[in-house]
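Below is input.pdb, which holds PDB, C-alpha atoms.
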```pdb
ATOM      1  CA  MET A   1      70.161 -82.656 207.314  1.00  0.00           C
ATOM      2  CA  GLU A   2      69.942 -85.187 210.115  1.00  0.00           C
ATOM      3  CA  THR A   3      68.461 -84.247 213.472  1.00  0.00           C
ATOM      4  CA  ALA A   4      71.122 -83.267 215.989  1.00  0.00           C
ATOM      5  CA  GLN A   5      72.269 -86.098 218.227  1.00  0.00           C
ATOM      6  CA  PRO A   6      71.960 -85.707 221.998  1.00  0.00           C
ATOM      7  CA  VAL A   7      75.260 -84.869 223.630  1.00  0.00           C
ATOM      8  CA  ALA A   8      76.657 -85.317 227.137  1.00  0.00           C
ATOM      9  CA  ARG A   9      77.292 -82.108 229.051  1.00  0.00           C
ATOM     10  CA  PRO A  10      80.013 -80.299 227.097  1.00  0.00           C
ATOM     11  CA  VAL A  11      83.343 -79.466 228.719  1.00  0.00           C
ATOM     12  CA  PHE A  12      85.128 -76.312 227.531  1.00  0.00           C
ATOM     13  CA  ARG A  13      88.909 -76.139 227.648  1.00  0.00           C
ATOM     14  CA  THR A  14      91.861 -74.549 225.893  1.00  0.00           C
ATOM     15  CA  ALA A  15      93.186 -76.840 223.163  1.00  0.00           C
ATOM     16  CA  THR A  16      96.753 -78.150 223.248  1.00  0.00           C
ATOM     17  CA  ARG A  17      99.088 -79.401 220.533  1.00  0.00           C
ATOM     18  CA  GLU A  18      97.886 -82.942 221.250  1.00  0.00           C
ATOM     19  CA  ASP A  19      94.449 -81.852 219.996  1.00  0.00           C
ATOM     20  CA  VAL A  20      95.674 -80.744 216.554  1.00  0.00           C
ATOM     21  CA  PRO A  21      94.736 -83.930 214.623  1.00  0.00           C
ATOM     22  CA  ALA A  22      91.245 -84.062 216.167  1.00  0.00           C
ATOM     23  CA  LEU A  23      90.694 -80.339 215.571  1.00  0.00           C
ATOM     24  CA  VAL A  24      91.750 -80.505 211.919  1.00  0.00           C
ATOM     25  CA  ALA A  25      89.463 -83.507 211.355  1.00  0.00           C
ATOM     26  CA  LEU A  26      86.555 -81.729 213.074  1.00  0.00           C
ATOM     27  CA  ILE A  27      86.981 -78.499 211.100  1.00  0.00           C
ATOM     28  CA  GLU A  28      87.311 -80.364 207.805  1.00  0.00           C
ATOM     29  CA  SER A  29      84.221 -82.475 208.541  1.00  0.00           C
ATOM     30  CA  ALA A  30      82.116 -79.382 209.272  1.00  0.00           C
ATOM     31  CA  TYR A  31      83.026 -77.477 206.096  1.00  0.00           C
ATOM     32  CA  ARG A  32      84.388 -79.710 203.338  1.00  0.00           C
ATOM     33  CA  GLY A  33      83.486 -82.884 201.542  1.00  0.00           C
ATOM     34  CA  GLU A  34      80.468 -85.131 201.776  1.00  0.00           C
ATOM     35  CA  SER A  35      80.597 -85.427 205.574  1.00  0.00           C
ATOM     36  CA  SER A  36      79.971 -81.678 205.837  1.00  0.00           C
ATOM     37  CA  ARG A  37      76.652 -82.035 204.007  1.00  0.00           C
ATOM     38  CA  THR A  38      75.233 -83.793 207.097  1.00  0.00           C
ATOM     39  CA  GLY A  39      75.179 -80.388 208.809  1.00  0.00           C
ATOM     40  CA  TRP A  40      74.236 -76.951 207.561  1.00  0.00           C
ATOM     41  CA  THR A  41      77.623 -75.172 207.772  1.00  0.00           C
ATOM     42  CA  THR A  42      79.060 -76.845 204.680  1.00  0.00           C
ATOM     43  CA  GLU A  43      81.058 -74.770 202.213  1.00  0.00           C
ATOM     44  CA  ALA A  44      81.342 -77.747 199.846  1.00  0.00           C
ATOM     45  CA  ASP A  45      79.391 -75.948 197.109  1.00  0.00           C
ATOM     46  CA  LEU A  46      81.733 -72.937 197.275  1.00  0.00           C
ATOM     47  CA  LEU A  47      85.123 -74.464 198.010  1.00  0.00           C
ATOM     48  CA  GLU A  48      86.947 -77.729 197.540  1.00  0.00           C
ATOM     49  CA  GLY A  49      90.245 -78.797 199.080  1.00  0.00           C
ATOM     50  CA  GLN A  50      91.160 -78.116 202.674  1.00  0.00           C
ATOM     51  CA  ARG A  51      89.603 -75.729 205.180  1.00  0.00           C
ATOM     52  CA  THR A  52      92.654 -75.752 207.451  1.00  0.00           C
ATOM     53  CA  ASP A  53      95.799 -77.740 208.117  1.00  0.00           C
ATOM     54  CA  PRO A  54      97.793 -78.925 211.139  1.00  0.00           C
ATOM     55  CA  GLU A  55     100.272 -76.039 210.818  1.00  0.00           C
ATOM     56  CA  GLY A  56      97.513 -73.420 210.859  1.00  0.00           C
ATOM     57  CA  VAL A  57      95.789 -74.951 213.878  1.00  0.00           C
ATOM     58  CA  ALA A  58      99.093 -75.334 215.752  1.00  0.00           C
ATOM     59  CA  ALA A  59      99.970 -71.691 215.009  1.00  0.00           C
ATOM     60  CA  VAL A  60      96.777 -70.544 216.745  1.00  0.00           C
ATOM     61  CA  ILE A  61      97.408 -72.847 219.709  1.00  0.00           C
ATOM     62  CA  ASP A  62     100.999 -71.609 219.999  1.00  0.00           C
ATOM     63  CA  GLY A  63     100.110 -67.942 219.496  1.00  0.00           C
ATOM     64  CA  GLU A  64     100.875 -65.556 222.324  1.00  0.00           C
ATOM     65  CA  ARG A  65      97.499 -63.814 222.018  1.00  0.00           C
ATOM     66  CA  SER A  66      95.358 -66.615 220.621  1.00  0.00           C
ATOM     67  CA  LEU A  67      93.800 -69.915 221.571  1.00  0.00           C
ATOM     68  CA  ILE A  68      91.463 -72.580 220.342  1.00  0.00           C
ATOM     69  CA  LEU A  69      88.546 -73.265 222.608  1.00  0.00           C
ATOM     70  CA  ALA A  70      87.876 -77.006 222.408  1.00  0.00           C
ATOM     71  CA  VAL A  71      84.581 -78.551 223.446  1.00  0.00           C
ATOM     72  CA  GLU A  72      84.558 -82.163 224.586  1.00  0.00           C
ATOM     73  CA  SER A  73      81.674 -84.528 225.082  1.00  0.00           C
ATOM     74  CA  ASP A  74      82.094 -88.168 226.081  1.00  0.00           C
ATOM     75  CA  GLY A  75      85.874 -87.780 225.705  1.00  0.00           C
ATOM     76  CA  ALA A  76      85.781 -86.536 222.090  1.00  0.00           C
ATOM     77  CA  VAL A  77      86.283 -83.035 220.679  1.00  0.00           C
ATOM     78  CA  VAL A  78      82.887 -82.140 219.182  1.00  0.00           C
ATOM     79  CA  ALA A  79      83.226 -78.378 218.650  1.00  0.00           C
ATOM     80  CA  CYS A  80      85.845 -75.638 218.619  1.00  0.00           C
ATOM     81  CA  CYS A  81      86.582 -72.026 217.820  1.00  0.00           C
ATOM     82  CA  GLN A  82      89.604 -69.790 217.484  1.00  0.00           C
ATOM     83  CA  LEU A  83      89.917 -66.644 219.583  1.00  0.00           C
ATOM     84  CA  GLU A  84      92.526 -63.917 219.149  1.00  0.00           C
ATOM     85  CA  ASN A  85      93.050 -60.969 221.481  1.00  0.00           C
ATOM     86  CA  ARG A  86      93.475 -57.993 219.165  1.00  0.00           C
ATOM     87  CA  ASP A  87      93.889 -54.883 221.316  1.00  0.00           C
ATOM     88  CA  GLY A  88      90.378 -54.111 222.510  1.00  0.00           C
ATOM     89  CA  HIS A  89      88.479 -56.607 220.416  1.00  0.00           C
ATOM     90  CA  ALA A  90      88.559 -60.335 219.970  1.00  0.00           C
ATOM     91  CA  TYR A  91      88.570 -62.179 216.646  1.00  0.00           C
ATOM     92  CA  PHE A  92      86.407 -65.294 216.342  1.00  0.00           C
ATOM     93  CA  GLY A  93      87.191 -67.920 213.712  1.00  0.00           C
ATOM     94  CA  MET A  94      87.764 -71.615 212.965  1.00  0.00           C
ATOM     95  CA  PHE A  95      84.295 -72.289 214.382  1.00  0.00           C
ATOM     96  CA  ALA A  96      83.194 -75.884 213.926  1.00  0.00           C
ATOM     97  CA  VAL A  97      80.584 -78.213 215.367  1.00  0.00           C
ATOM     98  CA  ARG A  98      80.483 -81.903 214.490  1.00  0.00           C
ATOM     99  CA  PRO A  99      77.936 -82.097 211.630  1.00  0.00           C
ATOM    100  CA  ALA A 100      75.673 -84.626 213.420  1.00  0.00           C
ATOM    101  CA  LEU A 101      75.396 -82.193 216.361  1.00  0.00           C
ATOM    102  CA  GLN A 102      74.533 -79.102 214.321  1.00  0.00           C
ATOM    103  CA  GLY A 103      71.081 -77.693 214.905  1.00  0.00           C
ATOM    104  CA  GLY A 104      70.947 -78.846 218.528  1.00  0.00           C
ATOM    105  CA  GLY A 105      72.233 -75.727 220.278  1.00  0.00           C
ATOM    106  CA  MET A 106      75.934 -76.619 220.519  1.00  0.00           C
ATOM    107  CA  GLY A 107      76.940 -73.697 218.293  1.00  0.00           C
ATOM    108  CA  LYS A 108      75.052 -71.231 220.469  1.00  0.00           C
ATOM    109  CA  LEU A 109      76.825 -72.604 223.562  1.00  0.00           C
ATOM    110  CA  VAL A 110      80.265 -72.297 221.960  1.00  0.00           C
ATOM    111  CA  LEU A 111      79.623 -68.777 220.689  1.00  0.00           C
ATOM    112  CA  SER A 112      78.303 -67.692 224.090  1.00  0.00           C
ATOM    113  CA  GLU A 113      81.334 -69.134 225.913  1.00  0.00           C
ATOM    114  CA  ALA A 114      83.721 -67.492 223.416  1.00  0.00           C
ATOM    115  CA  GLU A 115      82.034 -64.127 223.974  1.00  0.00           C
ATOM    116  CA  ARG A 116      82.178 -64.583 227.764  1.00  0.00           C
ATOM    117  CA  LEU A 117      85.844 -65.481 227.665  1.00  0.00           C
ATOM    118  CA  ALA A 118      86.710 -62.510 225.418  1.00  0.00           C
ATOM    119  CA  ARG A 119      84.735 -60.097 227.601  1.00  0.00           C
ATOM    120  CA  GLU A 120      85.727 -61.369 231.050  1.00  0.00           C
ATOM    121  CA  GLU A 121      89.289 -62.613 230.544  1.00  0.00           C
ATOM    122  CA  TRP A 122      90.524 -60.241 227.852  1.00  0.00           C
ATOM    123  CA  ALA A 123      88.280 -57.221 228.564  1.00  0.00           C
ATOM    124  CA  ALA A 124      87.371 -57.139 224.866  1.00  0.00           C
ATOM    125  CA  ASP A 125      84.686 -54.605 223.946  1.00  0.00           C
ATOM    126  CA  GLU A 126      83.766 -56.281 220.660  1.00  0.00           C
ATOM    127  CA  MET A 127      83.899 -59.613 218.888  1.00  0.00           C
ATOM    128  CA  HIS A 128      84.870 -59.516 215.202  1.00  0.00           C
ATOM    129  CA  MET A 129      84.568 -62.251 212.600  1.00  0.00           C
ATOM    130  CA  THR A 130      84.595 -62.595 208.845  1.00  0.00           C
ATOM    131  CA  VAL A 131      82.096 -64.730 206.941  1.00  0.00           C
ATOM    132  CA  ILE A 132      81.993 -65.570 203.239  1.00  0.00           C
ATOM    133  CA  THR A 133      79.413 -63.168 201.789  1.00  0.00           C
ATOM    134  CA  GLN A 134      77.664 -65.943 199.862  1.00  0.00           C
ATOM    135  CA  ARG A 135      76.835 -67.717 203.168  1.00  0.00           C
ATOM    136  CA  ALA A 136      73.576 -65.818 203.778  1.00  0.00           C
ATOM    137  CA  ASP A 137      72.200 -68.557 206.064  1.00  0.00           C
ATOM    138  CA  LEU A 138      75.273 -68.407 208.286  1.00  0.00           C
ATOM    139  CA  ILE A 139      75.345 -64.591 208.327  1.00  0.00           C
ATOM    140  CA  ASP A 140      71.661 -64.604 209.314  1.00  0.00           C
ATOM    141  CA  TRP A 141      72.445 -67.022 212.168  1.00  0.00           C
ATOM    142  CA  TYR A 142      75.066 -64.602 213.530  1.00  0.00           C
ATOM    143  CA  VAL A 143      72.763 -61.604 213.087  1.00  0.00           C
ATOM    144  CA  ARG A 144      70.126 -63.375 215.202  1.00  0.00           C
ATOM    145  CA  ARG A 145      72.806 -63.608 217.911  1.00  0.00           C
ATOM    146  CA  GLY A 146      73.524 -59.877 217.928  1.00  0.00           C
ATOM    147  CA  TYR A 147      76.207 -59.545 215.256  1.00  0.00           C
ATOM    148  CA  VAL A 148      75.959 -56.587 212.907  1.00  0.00           C
ATOM    149  CA  ARG A 149      76.840 -56.639 209.236  1.00  0.00           C
ATOM    150  CA  THR A 150      79.350 -53.862 208.594  1.00  0.00           C
ATOM    151  CA  GLY A 151      79.344 -53.948 204.794  1.00  0.00           C
ATOM    152  CA  ARG A 152      83.151 -53.985 204.988  1.00  0.00           C
ATOM    153  CA  THR A 153      84.490 -56.749 202.795  1.00  0.00           C
ATOM    154  CA  SER A 154      87.873 -58.240 202.092  1.00  0.00           C
ATOM    155  CA  PRO A 155      88.858 -60.413 199.150  1.00  0.00           C
ATOM    156  CA  PHE A 156      89.043 -64.181 199.319  1.00  0.00           C
ATOM    157  CA  PRO A 157      92.703 -65.338 199.130  1.00  0.00           C
ATOM    158  CA  TYR A 158      92.476 -66.846 195.642  1.00  0.00           C
ATOM    159  CA  GLY A 159      95.550 -68.851 194.732  1.00  0.00           C
ATOM    160  CA  ASP A 160      96.331 -69.851 198.334  1.00  0.00           C
ATOM    161  CA  ALA A 161      95.302 -73.514 198.586  1.00  0.00           C
ATOM    162  CA  ARG A 162      95.610 -73.359 202.400  1.00  0.00           C
ATOM    163  CA  PHE A 163      92.151 -71.735 202.375  1.00  0.00           C
ATOM    164  CA  GLY A 164      90.544 -74.043 199.844  1.00  0.00           C
ATOM    165  CA  LEU A 165      89.995 -74.211 196.121  1.00  0.00           C
ATOM    166  CA  PRO A 166      87.135 -71.901 195.099  1.00  0.00           C
ATOM    167  CA  THR A 167      84.516 -73.206 192.683  1.00  0.00           C
ATOM    168  CA  ARG A 168      83.464 -69.661 191.761  1.00  0.00           C
ATOM    169  CA  ASP A 169      85.223 -66.346 191.223  1.00  0.00           C
ATOM    170  CA  ASP A 170      83.120 -63.961 193.328  1.00  0.00           C
ATOM    171  CA  LEU A 171      83.972 -64.984 196.900  1.00  0.00           C
ATOM    172  CA  ALA A 172      84.673 -62.343 199.536  1.00  0.00           C
ATOM    173  CA  PHE A 173      84.483 -62.006 203.320  1.00  0.00           C
ATOM    174  CA  GLU A 174      82.269 -59.581 205.242  1.00  0.00           C
ATOM    175  CA  LEU A 175      83.201 -58.301 208.687  1.00  0.00           C
ATOM    176  CA  LEU A 176      80.560 -58.911 211.362  1.00  0.00           C
ATOM    177  CA  VAL A 177      80.841 -57.195 214.763  1.00  0.00           C
ATOM    178  CA  LYS A 178      79.108 -57.565 218.115  1.00  0.00           C
ATOM    179  CA  LYS A 179      79.458 -55.248 221.105  1.00  0.00           C
ATOM    180  CA  LEU A 180      80.337 -57.318 224.180  1.00  0.00           C
ATOM    181  CA  ALA A 181      80.077 -54.676 226.902  1.00  0.00           C
TER     182      ALA A 181
END
```
Could I get this structure in the form of structure tokens?
Amino acid sequence: METAQPVARPVFRTATREDVPALVALIESAYRGESSRTGWTTEADLLEGQRTDPEGVAAVIDGERSLILAVESDGAVVACCQLENRDGHAYFGMFAVRPALQGGGMGKLVLSEAERLAREEWAADEMHMTVITQRADLIDWYVRRGYVRTGRTSPFPYGDARFGLPTRDDLAFELLVKKLA
């Protein structure tokens, strides 16, 4: 992994439909293909194919109770995450940081801002997320930031190419939760 590149002061904003192409490219680069191997969040050894698509990103942007938090630096989107207001808790997903910036603290900033927004603007008591169980390094990263492993799992959506093409048959998601209050 390369050392994280310095970044200009990040600007947080709610993504718009005009951001969809940049967001899809960012998310794909952080999780799939050779470009994802520059960072540490790659899923390239577990999944091939796409991580998301323009329709999925636009659906979050257009959602009545959801948004994508976009992070810009020097005029480019360099990080993002999905937030959904789910009656008392917020769901965190579609988290991506440009691979060359991973390991430099950008992810911590995005996660912290997402938690602040969920707590202060939505009055959410908890943040929920699901992580592929085989991603022990990523789960450990979240645990160090106060997330608790619940042991509650859900199956990977095998056969739905919108979520990628698994290279193994034992994938599942685990629910992680953090109290925000």
So for segment 176-179 of chain A, what box centre and size do we get, axis-aligned, 4 Å extra on each of the six sides, every listed atom, Å to one decimal, as AutoDock Vina command-line options?
```
--center_x 80.0 --center_y -57.1 --center_z 216.2 --size_x 9.7 --size_y 11.7 --size_z 17.7
```
Practice prompt. Using only C-alpha atoms, pick whichever of A:Ala172, A:Val24, A:Ala15, A:Ala30 has the shortest atom-to-atom distance to Val71 of chain A.
Written response: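 Closest to Val71 of chain A, using only C-alpha atoms: A:Ala15.
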Would you kindly translate the PyMOL selection byres ((chain A and resi 61) around 10) into the concrete residues it picks from this file, as a JSON list (two decimals) with C-alpha atoms, in the frame of the given file?
```json
[["chain", "number", "residue", "atom", "x", "y", "z"],
["A", 14, "THR", "CA", 91.86, -74.55, 225.89],
["A", 15, "ALA", "CA", 93.19, -76.84, 223.16],
["A", 16, "THR", "CA", 96.75, -78.15, 223.25],
["A", 17, "ARG", "CA", 99.09, -79.40, 220.53],
["A", 19, "ASP", "CA", 94.45, -81.85, 220.00],
["A", 20, "VAL", "CA", 95.67, -80.74, 216.55],
["A", 55, "GLU", "CA", 100.27, -76.04, 210.82],
["A", 56, "GLY", "CA", 97.51, -73.42, 210.86],
["A", 57, "VAL", "CA", 95.79, -74.95, 213.88],
["A", 58, "ALA", "CA", 99.09, -75.33, 215.75],
["A", 59, "ALA", "CA", 99.97, -71.69, 215.01],
["A", 60, "VAL", "CA", 96.78, -70.54, 216.74],
["A", 62, "ASP", "CA", 101.00, -71.61, 220.00],
["A", 63, "GLY", "CA", 100.11, -67.94, 219.50],
["A", 64, "GLU", "CA", 100.88, -65.56, 222.32],
["A", 65, "ARG", "CA", 97.50, -63.81, 222.02],
["A", 66, "SER", "CA", 95.36, -66.61, 220.62],
["A", 67, "LEU", "CA", 93.80, -69.92, 221.57],
["A", 68, "ILE", "CA", 91.46, -72.58, 220.34],
["A", 69, "LEU", "CA", 88.55, -73.26, 222.61],
["A", 82, "GLN", "CA", 89.60, -69.79, 217.48],
["A", 83, "LEU", "CA", 89.92, -66.64, 219.58]]
```
Practice prompt. Using the chain letters and numbers from the file, give me the residues hit by the PyMOL selection byres ((chain A and resi 73-78) around 12), as a PyMOL selection string.
Written response: chain A and resi 5-16+18-27+29-30+68-72+79-81+95-102+106-107+110
Worksheet item: What residues come out when you apply the PyMOL selection byres ((chain A and resi 132) around 12) to this file, written as a PyMOL selection string?
Response: chain A and resi 41-43+46-47+93+129-131+133-139+149+152-157+163+166+170-176
Worksheet entry | Two-atom distance - atom CA of Val148 of chain A, atom CA of Gly103 of chain A (Å) |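 Interatomic distance, atom CA of Val148 of chain A to atom CA of Gly103 of chain A: 21.8 Å.
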Discussion item. Nearest residue to Gly49 of chain A out of A:Ala118, A:Ala181, A:Met127, A:Leu165, using all atoms listed in the file?
Written reply: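 Selected residue with least distance to Gly49 of chain A: A:Leu165.
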Practice prompt. Select, from A:Asp53, A:Arg168, A:Tyr31, A:Arg145, the residue with the minimum atom-to-atom distance to Leu109 of chain A, counting only C-alpha atoms.
Written response: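 Result for the nearest residue to Leu109 of chain A: A:Arg145.
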Discussion item. Report, in Å with one decimal, the straight-line distance from atom CA of Gly105 of chain A to atom CA of Trp122 of chain A.
Written reply: 25.1 Å
Practice prompt. Find, counting all atoms listed in the file, the residue in A:Leu111, A:Ala90, A:Ala44, A:Ala161 that gets nearest to Asp125 of chain A.
Written response: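 Under the stated criterion, the closest residue is A:Ala90.
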